[in-house]
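Structure file model_34.cif (mmCIF, C-alpha atoms) is printed below.
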data_coords
loop_
_atom_site.group_PDB
_atom_site.id
_atom_site.type_symbol
_atom_site.label_atom_id
_atom_site.label_comp_id
_atom_site.auth_asym_id
_atom_site.auth_seq_id
_atom_site.Cartn_x
_atom_site.Cartn_y
_atom_site.Cartn_z
ATOM 1 C CA MET A 166 -0.084 -24.406 17.452
ATOM 2 C CA GLU A 167 3.317 -23.632 18.928
ATOM 3 C CA ASN A 168 3.333 -22.199 22.415
ATOM 4 C CA SER A 169 6.418 -23.676 23.989
ATOM 5 C CA LYS A 170 8.472 -21.142 25.889
ATOM 6 C CA THR A 171 11.528 -23.216 25.141
ATOM 7 C CA MET A 172 11.561 -22.516 21.393
ATOM 8 C CA ASP A 173 14.795 -20.781 20.549
ATOM 9 C CA LYS A 174 15.409 -18.066 18.016
ATOM 10 C CA GLN A 175 16.619 -20.429 15.285
ATOM 11 C CA ALA A 176 13.605 -22.703 15.706
ATOM 12 C CA ILE A 177 11.228 -19.740 15.418
ATOM 13 C CA LEU A 178 13.087 -18.497 12.344
ATOM 14 C CA GLU A 179 12.666 -21.891 10.686
ATOM 15 C CA GLU A 180 8.972 -21.932 11.557
ATOM 16 C CA LEU A 181 8.612 -18.365 10.317
ATOM 17 C CA LYS A 182 9.722 -19.509 6.872
ATOM 18 C CA LYS A 183 6.552 -21.604 6.684
ATOM 19 C CA VAL A 184 4.440 -18.607 7.700
ATOM 20 C CA LEU A 185 6.046 -16.417 5.032
ATOM 21 C CA ALA A 186 6.040 -19.036 2.250
ATOM 22 C CA PRO A 187 2.499 -18.368 0.894
ATOM 23 C CA TYR A 188 3.260 -14.671 0.511
ATOM 24 C CA THR A 189 6.504 -14.695 -1.467
ATOM 25 C CA ALA A 190 7.220 -16.065 -4.914
ATOM 26 C CA ASP A 191 10.959 -15.753 -4.341
ATOM 27 C CA LYS A 192 11.623 -19.201 -2.913
ATOM 28 C CA ALA A 193 15.406 -18.816 -3.247
ATOM 29 C CA ALA A 194 15.346 -15.679 -1.105
ATOM 30 C CA LEU A 195 13.060 -17.418 1.376
ATOM 31 C CA SER A 196 15.379 -20.397 1.800
ATOM 32 C CA ALA A 197 18.294 -18.013 2.396
ATOM 33 C CA ILE A 198 16.623 -15.743 4.949
ATOM 34 C CA ASN A 199 18.447 -14.462 7.975
ATOM 35 C CA GLU A 200 17.600 -11.933 10.667
ATOM 36 C CA GLN A 201 18.447 -9.003 8.374
ATOM 37 C CA THR A 202 16.100 -10.114 5.580
ATOM 38 C CA ASP A 203 13.494 -7.412 4.899
ATOM 39 C CA LEU A 204 10.003 -8.773 4.207
ATOM 40 C CA ILE A 205 9.135 -6.230 1.510
ATOM 41 C CA LYS A 206 12.489 -5.292 -0.031
ATOM 42 C CA ASP A 207 14.158 -8.732 0.012
ATOM 43 C CA LEU A 208 11.284 -11.227 -0.060
ATOM 44 C CA LYS A 209 9.153 -8.967 -2.300
ATOM 45 C CA ILE A 210 6.133 -9.529 -0.105
ATOM 46 C CA ASN A 211 3.334 -7.108 -0.972
ATOM 47 C CA SER A 212 2.519 -4.771 1.898
ATOM 48 C CA ALA A 213 -1.131 -5.817 1.557
ATOM 49 C CA ASN A 214 -0.103 -9.242 2.936
ATOM 50 C CA ILE A 215 1.612 -7.970 6.084
ATOM 51 C CA ILE A 216 -1.558 -8.264 8.157
ATOM 52 C CA ASP A 217 -2.044 -11.823 6.878
ATOM 53 C CA ILE A 218 1.446 -12.653 8.114
ATOM 54 C CA ILE A 219 0.758 -11.101 11.522
ATOM 55 C CA ILE A 220 -2.501 -13.055 11.855
ATOM 56 C CA ASP A 221 -0.832 -16.303 10.750
ATOM 57 C CA ALA A 222 1.906 -15.759 13.347
ATOM 58 C CA GLU A 223 -0.690 -15.002 16.028
ATOM 59 C CA THR A 224 -2.493 -18.226 15.187
ATOM 60 C CA LYS A 225 0.638 -20.375 14.972
ATOM 61 C CA TYR A 226 2.067 -19.223 18.287
ATOM 62 C CA ASP A 227 -1.219 -18.468 20.078
ATOM 63 C CA ILE A 228 -0.170 -14.900 20.764
ATOM 64 C CA GLU A 229 -1.607 -11.423 20.255
ATOM 65 C CA ILE A 230 0.480 -8.855 18.408
ATOM 66 C CA ASP A 231 -0.439 -5.271 19.282
ATOM 67 C CA VAL A 232 -0.110 -2.245 16.993
ATOM 68 C CA ASP A 233 3.237 -1.080 18.346
ATOM 69 C CA SER A 234 4.747 -4.562 18.019
ATOM 70 C CA ALA A 235 3.302 -5.017 14.521
ATOM 71 C CA GLU A 236 5.060 -1.814 13.446
ATOM 72 C CA LYS A 237 8.391 -3.430 14.239
ATOM 73 C CA MET A 238 7.812 -6.482 12.037
ATOM 74 C CA SER A 239 9.607 -5.339 8.907
ATOM 75 C CA SER A 240 12.489 -7.818 8.968
ATOM 76 C CA VAL A 241 12.790 -11.501 9.777
ATOM 77 C CA GLY A 242 14.815 -10.679 12.889
ATOM 78 C CA SER A 243 12.238 -8.216 14.191
ATOM 79 C CA CYS A 244 9.436 -10.734 13.507
ATOM 80 C CA VAL A 245 11.283 -13.387 15.504
ATOM 81 C CA GLY A 246 11.920 -10.865 18.282
ATOM 82 C CA VAL A 247 8.249 -9.889 18.530
ATOM 83 C CA ILE A 248 7.110 -13.536 18.469
ATOM 84 C CA MET A 249 9.576 -14.490 21.236
ATOM 85 C CA GLU A 250 8.563 -11.477 23.324
ATOM 86 C CA LYS A 251 4.871 -12.312 23.060
ATOM 87 C CA MET A 252 5.428 -16.031 23.748
ATOM 88 C CA TYR A 253 7.308 -15.238 26.941
ATOM 89 C CA GLN A 254 4.634 -12.769 28.049
ATOM 90 C CA LYS A 255 1.997 -15.511 28.022
ATOM 91 C CA MET B 126 7.842 19.269 0.712
ATOM 92 C CA LEU B 127 5.828 18.440 -2.392
ATOM 93 C CA SER B 128 4.764 14.826 -2.499
ATOM 94 C CA THR B 129 2.246 12.342 -3.865
ATOM 95 C CA GLY B 130 1.165 8.861 -2.847
ATOM 96 C CA ASN B 131 -0.908 6.215 -4.559
ATOM 97 C CA ASP B 132 -1.954 2.618 -3.983
ATOM 98 C CA ILE B 133 -3.729 -0.075 -5.963
ATOM 99 C CA ILE B 134 -5.512 -3.218 -4.779
ATOM 100 C CA SER B 135 -6.485 -6.112 -7.030
ATOM 101 C CA LEU B 136 -9.871 -7.152 -5.680
ATOM 102 C CA ALA B 137 -9.594 -10.644 -7.188
ATOM 103 C CA HIS B 138 -6.758 -11.266 -4.741
ATOM 104 C CA ILE B 139 -8.213 -10.094 -1.455
ATOM 105 C CA ASN B 140 -9.288 -12.748 1.011
ATOM 106 C CA THR B 141 -12.935 -11.830 1.529
ATOM 107 C CA LEU B 142 -13.583 -14.204 4.433
ATOM 108 C CA ARG B 143 -10.447 -13.192 6.304
ATOM 109 C CA THR B 144 -11.106 -9.487 5.681
ATOM 110 C CA ARG B 145 -14.499 -9.867 7.365
ATOM 111 C CA GLU B 146 -12.897 -11.371 10.480
ATOM 112 C CA MET B 147 -12.543 -8.938 13.380
ATOM 113 C CA ARG B 148 -8.920 -9.958 13.960
ATOM 114 C CA PHE B 149 -8.164 -8.709 10.430
ATOM 115 C CA TYR B 150 -10.203 -5.531 10.150
ATOM 116 C CA ASP B 151 -9.298 -4.494 13.702
ATOM 117 C CA LYS B 152 -5.742 -4.117 12.404
ATOM 118 C CA VAL B 153 -6.866 -1.803 9.596
ATOM 119 C CA LEU B 154 -9.862 0.199 10.834
ATOM 120 C CA THR B 155 -10.010 2.509 13.838
ATOM 121 C CA PRO B 156 -13.267 2.516 15.856
ATOM 122 C CA SER B 157 -14.319 5.803 14.226
ATOM 123 C CA GLU B 158 -13.756 4.352 10.726
ATOM 124 C CA LEU B 159 -15.839 1.330 11.653
ATOM 125 C CA GLU B 160 -18.507 3.766 12.771
ATOM 126 C CA ILE B 161 -18.379 5.510 9.355
ATOM 127 C CA TYR B 162 -19.229 2.166 7.768
ATOM 128 C CA ARG B 163 -21.865 1.189 10.337
ATOM 129 C CA ALA B 164 -23.537 4.589 10.085
ATOM 130 C CA GLY B 165 -24.313 3.777 6.485
ATOM 131 C CA ASP B 166 -22.251 6.591 5.032
ATOM 132 C CA CYS B 167 -20.860 4.127 2.505
ATOM 133 C CA GLY B 168 -24.220 3.032 1.149
ATOM 134 C CA SER B 169 -24.389 -0.581 0.052
ATOM 135 C CA MET B 170 -20.634 -1.055 -0.227
ATOM 136 C CA PRO B 171 -19.662 -4.590 0.878
ATOM 137 C CA PHE B 172 -17.692 -4.482 4.120
ATOM 138 C CA GLU B 173 -14.598 -6.117 2.627
ATOM 139 C CA ILE B 174 -14.480 -3.421 -0.072
ATOM 140 C CA PHE B 175 -14.700 -0.752 2.616
ATOM 141 C CA VAL B 176 -11.806 -2.342 4.530
ATOM 142 C CA TRP B 177 -9.612 -2.427 1.426
ATOM 143 C CA LEU B 178 -10.648 1.091 0.430
ATOM 144 C CA ALA B 179 -9.464 2.205 3.863
ATOM 145 C CA TRP B 180 -6.238 0.230 3.433
ATOM 146 C CA SER B 181 -5.644 1.850 0.043
ATOM 147 C CA ILE B 182 -6.200 5.354 1.461
ATOM 148 C CA LYS B 183 -3.842 4.672 4.361
ATOM 149 C CA GLU B 184 -1.116 3.114 2.217
ATOM 150 C CA ALA B 185 -1.266 6.067 -0.201
ATOM 151 C CA ALA B 186 -1.060 8.508 2.733
ATOM 152 C CA PHE B 187 1.933 6.582 4.089
ATOM 153 C CA LYS B 188 3.675 6.831 0.716
ATOM 154 C CA TYR B 189 2.943 10.557 0.632
ATOM 155 C CA GLN B 190 4.554 11.005 4.045
ATOM 156 C CA SER B 191 7.502 8.718 3.376
ATOM 157 C CA ARG B 192 8.900 11.163 0.814
ATOM 158 C CA SER B 193 9.833 13.572 3.607
ATOM 159 C CA MET B 194 10.075 11.095 6.507
ATOM 160 C CA ALA B 195 12.506 8.384 5.472
ATOM 161 C CA ASP B 196 12.220 6.358 8.682
ATOM 162 C CA ILE B 197 8.426 6.336 8.860
ATOM 163 C CA VAL B 198 6.796 2.923 9.350
ATOM 164 C CA PHE B 199 3.428 2.015 7.855
ATOM 165 C CA SER B 200 0.928 1.610 10.661
ATOM 166 C CA PRO B 201 -2.673 1.584 9.385
ATOM 167 C CA LEU B 202 -4.237 2.342 12.765
ATOM 168 C CA LYS B 203 -2.187 5.530 13.115
ATOM 169 C CA ILE B 204 -3.655 6.994 9.926
ATOM 170 C CA HIS B 205 -7.205 8.181 10.555
ATOM 171 C CA ILE B 206 -9.827 8.556 7.837
ATOM 172 C CA GLN B 207 -11.954 11.538 8.834
ATOM 173 C CA SER B 208 -14.555 11.329 6.099
ATOM 174 C CA ILE B 209 -15.469 9.452 2.932
ATOM 175 C CA ASN B 210 -17.843 11.074 0.466
ATOM 176 C CA TYR B 211 -19.560 8.939 -2.135
ATOM 177 C CA PRO B 212 -19.448 9.956 -5.803
ATOM 178 C CA GLN B 213 -22.629 10.740 -7.697
ATOM 179 C CA GLN B 214 -22.123 7.647 -9.829
ATOM 180 C CA ASN B 215 -21.432 5.025 -7.184
ATOM 181 C CA ALA B 216 -22.410 1.873 -9.063
ATOM 182 C CA ILE B 217 -19.237 -0.202 -9.257
ATOM 183 C CA LYS B 218 -18.434 -0.836 -12.930
ATOM 184 C CA ASN B 219 -15.881 -2.991 -14.711
ATOM 185 C CA PHE B 220 -12.502 -1.412 -15.412
ATOM 186 C CA GLY B 221 -13.110 -2.574 -18.984
ATOM 187 C CA ARG B 222 -9.864 -1.472 -20.630
ATOM 188 C CA LEU B 223 -6.166 -2.257 -20.657
ATOM 189 C CA GLN B 224 -5.080 1.062 -19.252
ATOM 190 C CA TYR B 225 -6.425 4.432 -18.183
ATOM 191 C CA GLU B 226 -4.525 7.681 -17.711
ATOM 192 C CA THR B 227 -5.836 11.102 -16.808
ATOM 193 C CA THR B 228 -5.366 14.137 -14.639
ATOM 194 C CA SER B 229 -7.557 15.289 -11.761
ATOM 195 C CA PHE B 230 -10.498 13.243 -10.442
ATOM 196 C CA PRO B 231 -13.958 14.053 -11.774
ATOM 197 C CA GLU B 232 -16.325 14.364 -8.807
ATOM 198 C CA GLU B 233 -18.962 12.221 -10.446
ATOM 199 C CA PHE B 234 -17.014 8.990 -10.090
ATOM 200 C CA ALA B 235 -14.373 9.448 -7.394
ATOM 201 C CA PHE B 236 -14.673 8.738 -3.701
ATOM 202 C CA GLN B 237 -13.137 11.615 -1.818
ATOM 203 C CA GLY B 238 -12.351 12.612 1.716
ATOM 204 C CA ILE B 239 -9.781 13.540 4.322
ATOM 205 C CA ALA B 240 -7.323 11.456 6.310
ATOM 206 C CA SER B 241 -4.893 12.504 9.024
ATOM 207 C CA CYS B 242 -1.728 11.226 10.617
ATOM 208 C CA GLY B 243 0.223 12.794 13.443
ATOM 209 C CA GLY B 244 -1.410 16.182 13.003
ATOM 210 C CA ALA B 245 -1.000 16.267 9.214
ATOM 211 C CA PHE B 246 -4.089 16.221 7.009
ATOM 212 C CA PHE B 247 -4.402 14.720 3.534
ATOM 213 C CA HIS B 248 -7.032 14.756 0.829
ATOM 214 C CA PHE B 249 -7.689 11.541 -1.052
ATOM 215 C CA ARG B 250 -9.469 10.490 -4.209
ATOM 216 C CA SER B 251 -10.283 6.825 -4.872
ATOM 217 C CA VAL B 252 -11.800 4.994 -7.793
ATOM 218 C CA ILE B 253 -13.382 1.579 -7.351
ATOM 219 C CA TYR B 254 -14.034 -0.845 -10.185
ATOM 220 C CA GLN B 255 -15.123 -4.483 -9.972
ATOM 221 C CA GLU B 256 -11.479 -5.447 -10.383
ATOM 222 C CA LEU B 257 -9.598 -2.854 -8.366
ATOM 223 C CA ILE B 258 -9.365 0.009 -5.914
ATOM 224 C CA HIS B 259 -6.971 2.873 -6.662
ATOM 225 C CA THR B 260 -6.288 5.831 -4.386
ATOM 226 C CA VAL B 261 -4.221 8.985 -4.749
ATOM 227 C CA VAL B 262 -3.405 11.227 -1.779
ATOM 228 C CA ASN B 263 -2.620 14.930 -2.061
ATOM 229 C CA LYS B 264 -1.983 17.739 0.401
ATOM 230 C CA ASP B 265 -4.363 20.112 -1.341
ATOM 231 C CA GLU B 266 -8.052 19.631 -1.935
ATOM 232 C CA ALA B 267 -7.596 20.390 -5.626
ATOM 233 C CA PHE B 268 -6.243 17.503 -7.716
ATOM 234 C CA GLY B 269 -5.900 19.470 -10.964
ATOM 235 C CA ASN B 270 -2.128 19.086 -11.112
ATOM 236 C CA ILE B 271 -2.158 15.398 -10.190
ATOM 237 C CA TRP B 272 -1.643 12.902 -13.020
ATOM 238 C CA TRP B 273 -2.430 9.243 -12.513
ATOM 239 C CA GLY B 274 -2.724 6.040 -14.470
ATOM 240 C CA ILE B 275 -3.705 2.388 -14.102
ATOM 241 C CA LYS B 276 -2.563 -0.428 -16.376
ATOM 242 C CA ILE B 277 -3.201 -4.160 -16.613
ATOM 243 C CA ILE B 278 -0.023 -6.185 -17.137
ATOM 244 C CA GLU B 279 0.413 -9.691 -18.482
ATOM 245 C CA CYS B 280 2.871 -11.147 -15.945
ATOM 246 C CA SER B 281 2.434 -10.534 -12.237
ATOM 247 C CA ASP B 282 5.863 -11.572 -10.988
ATOM 248 C CA HIS B 283 7.670 -8.872 -9.038
ATOM 249 C CA GLN B 284 10.252 -8.181 -11.741
ATOM 250 C CA SER B 285 7.581 -7.640 -14.390
ATOM 251 C CA GLN B 286 5.500 -5.435 -12.073
ATOM 252 C CA SER B 287 8.517 -3.291 -11.280
ATOM 253 C CA ALA B 288 9.613 -2.923 -14.906
ATOM 254 C CA GLU B 289 6.091 -2.355 -16.245
ATOM 255 C CA VAL B 290 5.128 0.341 -13.745
ATOM 256 C CA ARG B 291 8.357 2.259 -14.380
ATOM 257 C CA SER B 292 7.905 2.031 -18.136
ATOM 258 C CA PHE B 293 4.247 3.111 -17.832
ATOM 259 C CA LEU B 294 5.160 6.142 -15.723
ATOM 260 C CA LEU B 295 8.156 7.147 -17.799
ATOM 261 C CA LYS B 296 6.181 7.010 -21.032
ATOM 262 C CA LYS B 297 3.608 9.429 -19.624
ATOM 263 C CA LEU B 298 6.263 11.755 -18.193
ATOM 264 C CA GLN B 299 8.030 11.866 -21.541
ATOM 265 C CA ALA B 300 4.744 12.785 -23.211
ATOM 266 C CA VAL B 301 3.974 15.507 -20.668
ATOM 267 C CA LEU B 302 7.547 16.856 -20.476
ATOM 268 C CA PRO B 303 8.972 16.333 -23.979
ATOM 269 C CA ASN B 304 12.571 17.050 -24.993
ATOM 270 C CA GLN B 305 14.004 16.067 -21.622
ATOM 271 C CA LYS B 306 16.237 13.093 -20.850
ATOM 272 C CA LEU B 307 14.130 11.521 -18.142
ATOM 273 C CA SER B 308 14.853 8.353 -16.202
ATOM 274 C CA ILE B 309 13.668 6.763 -12.971
ATOM 275 C CA ALA B 310 15.993 5.968 -10.090
ATOM 276 C CA LYS B 311 15.426 4.646 -6.602
ATOM 277 C CA THR B 312 16.619 6.177 -3.353
ATOM 278 C CA GLU B 313 18.249 4.059 -0.645
ATOM 279 C CA ALA B 314 14.894 4.025 1.105
ATOM 280 C CA GLY B 315 13.328 2.531 -2.028
ATOM 281 C CA ARG B 316 11.464 5.674 -3.077
ATOM 282 C CA PRO B 317 11.275 6.370 -6.838
ATOM 283 C CA VAL B 318 12.690 9.667 -8.086
ATOM 284 C CA ILE B 319 12.786 11.233 -11.557
ATOM 285 C CA LEU B 320 16.105 12.239 -13.046
ATOM 286 C CA ASN B 321 16.677 14.649 -15.915
ATOM 287 C CA GLU B 322 20.141 14.028 -17.354
ATOM 288 C CA ALA B 323 21.103 12.363 -14.062
ATOM 289 C CA LYS B 324 19.905 15.303 -11.945
ATOM 290 C CA GLU B 325 17.005 14.674 -9.570
ATOM 291 C CA MET B 326 13.926 16.721 -10.428
ATOM 292 C CA ASN B 327 11.548 18.197 -7.891
ATOM 293 C CA LEU B 328 8.780 16.121 -9.400
ATOM 294 C CA PRO B 329 7.211 13.778 -6.856
ATOM 295 C CA VAL B 330 6.080 10.413 -8.196
ATOM 296 C CA SER B 331 4.527 7.357 -6.608
ATOM 297 C CA ILE B 332 4.248 3.856 -8.055
ATOM 298 C CA THR B 333 2.260 0.842 -6.924
ATOM 299 C CA HIS B 334 1.462 -2.663 -8.088
ATOM 300 C CA HIS B 335 -0.694 -5.563 -6.990
ATOM 301 C CA TYR B 336 -0.868 -8.736 -9.069
ATOM 302 C CA HIS B 337 -1.872 -7.785 -12.650
ATOM 303 C CA PHE B 338 -2.370 -4.074 -11.952
ATOM 304 C CA VAL B 339 0.227 -1.316 -11.873
ATOM 305 C CA ALA B 340 -0.417 2.379 -11.255
ATOM 306 C CA TYR B 341 1.322 5.700 -10.787
ATOM 307 C CA SER B 342 0.663 9.238 -9.635
ATOM 308 C CA PHE B 343 2.758 12.343 -10.079
ATOM 309 C CA LEU B 344 2.435 16.005 -9.207
ATOM 310 C CA LEU B 345 3.334 18.729 -11.671
ATOM 311 C CA SER B 346 3.960 22.120 -10.124
ATOM 312 C CA GLY B 347 5.912 25.312 -10.661
ATOM 313 C CA SER B 348 8.022 25.299 -13.794
ATOM 314 C CA TYR B 349 6.819 21.825 -14.729
ATOM 315 C CA MET B 350 3.188 22.892 -15.078
ATOM 316 C CA VAL B 351 1.763 22.159 -18.497
#

Please rewrite the model in this file as structure tokens.
Amino acid sequence: MENSKTMDKQAILEELKKVLAPYTADKAALSAINEQTDLIKDLKINSANIIDIIIDAETKYDIEIDVDSAEKMSSVGSCVGVIMEKMYQK
Amino acid sequence: MLSTGNDIISLAHINTLRTREMRFYDKVLTPSELEIYRAGDCGSMPFEIFVWLAWSIKEAAFKYQSRSMADIVFSPLKIHIQSINYPQQNAIKNFGRLQYETTSFPEEFAFQGIASCGGAFFHFRSVIYQELIHTVVNKDEAFGNIWWGIKIIECSDHQSQSAEVRSFLLKKLQAVLPNQKLSIAKTEAGRPVILNEAKEMNLPVSITHHYHFVAYSFLLSGSYMV
């Protein structure tokens, strides 16, 4: 479980790759992700797995992601932003 | 604006244990939807099936709305299922075929009800087989001008799903609207549209895929009625 408030954006992005890995078959796209990468359009993640990803992120970072924050998690950058926001709120 | 929305779930690929966890279903079901289940309105339906039925209804409603609201974001808890009525024949059977295409939803085997989002109301029809859940959402209570189909595909990679569902839909459209040069394009927002000789038709379509299942819905109205 990661709960360090000192994790920077790049470190979270690298960790996020591991969270996303089970839900995308496009490993080339996954290895090349950046903040603009869209989870559904670019990584071809099925929308039915979005809640799995949110729960996995909650578990990994020991955070709670509310409905309004979950709505924002469509791209890698927005996922990182929400995770950082929730980690610093702890 | 005329629209349609549909969604399919492969039940072999849901995570039953996770779906039954509160931290999962609390992100899908509103308290009133949980009450619908707890009140026994859904008979002996396993809870995980109810959760994914609700997901399917909400995703189809989102697709319906996204045709006219390009920036809309899918948020399951902001789509409210008002009612779910059981069909007369509610024993869950095997899909038992490679594909199925029809129009309308016979009352004897379709779940039906109403969902709402931001003041807009939608009617839905869902079919549940051992292998899948499929839902179509419509603005009107009557589904007589809604066409829909489900097909099993061999390869479940994204490229195959995308190609197969487009081919499946186009083949049906060409049968229903013969002598037209139809093709499928995608808007910048990723929404499928039907072209006739490169001109966009006012013929709303929706496509969906999940693992080895692909499905479509489309609405024929006005001059396209057959």

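Every chain B residue lying within 9 Å of chain A, based on only C-alpha atoms, is listed here: Ile134, Ile139, Arg143, Arg148, Phe149, Lys152, Val153, Trp180, Glu184, Val198, Phe199, Ser200, Pro201, Leu202, Lys203, Asp282, His283, Gly315, His334 and His335 of chain B.
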
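For the pair atom CA of Lys306 of chain B and atom CA of Leu328 of chain B, the interatomic distance is 14.0 Å.
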
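Atom CA of Thr260 of chain B lies 16.4 Å from atom CA of Met170 of chain B.
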
Please write as a PyMOL selection string the full residue list that the PyMOL selection byres ((chain B and resi 154-169) around 10) yields on this file. chain B and resi 147+149-153+170-172+175-177+179-180+183+201-211+215-216+236

Mind pulling up the distance from atom CA of Ile133 of chain B to atom CA of Leu307 of chain B? 24.5 Å
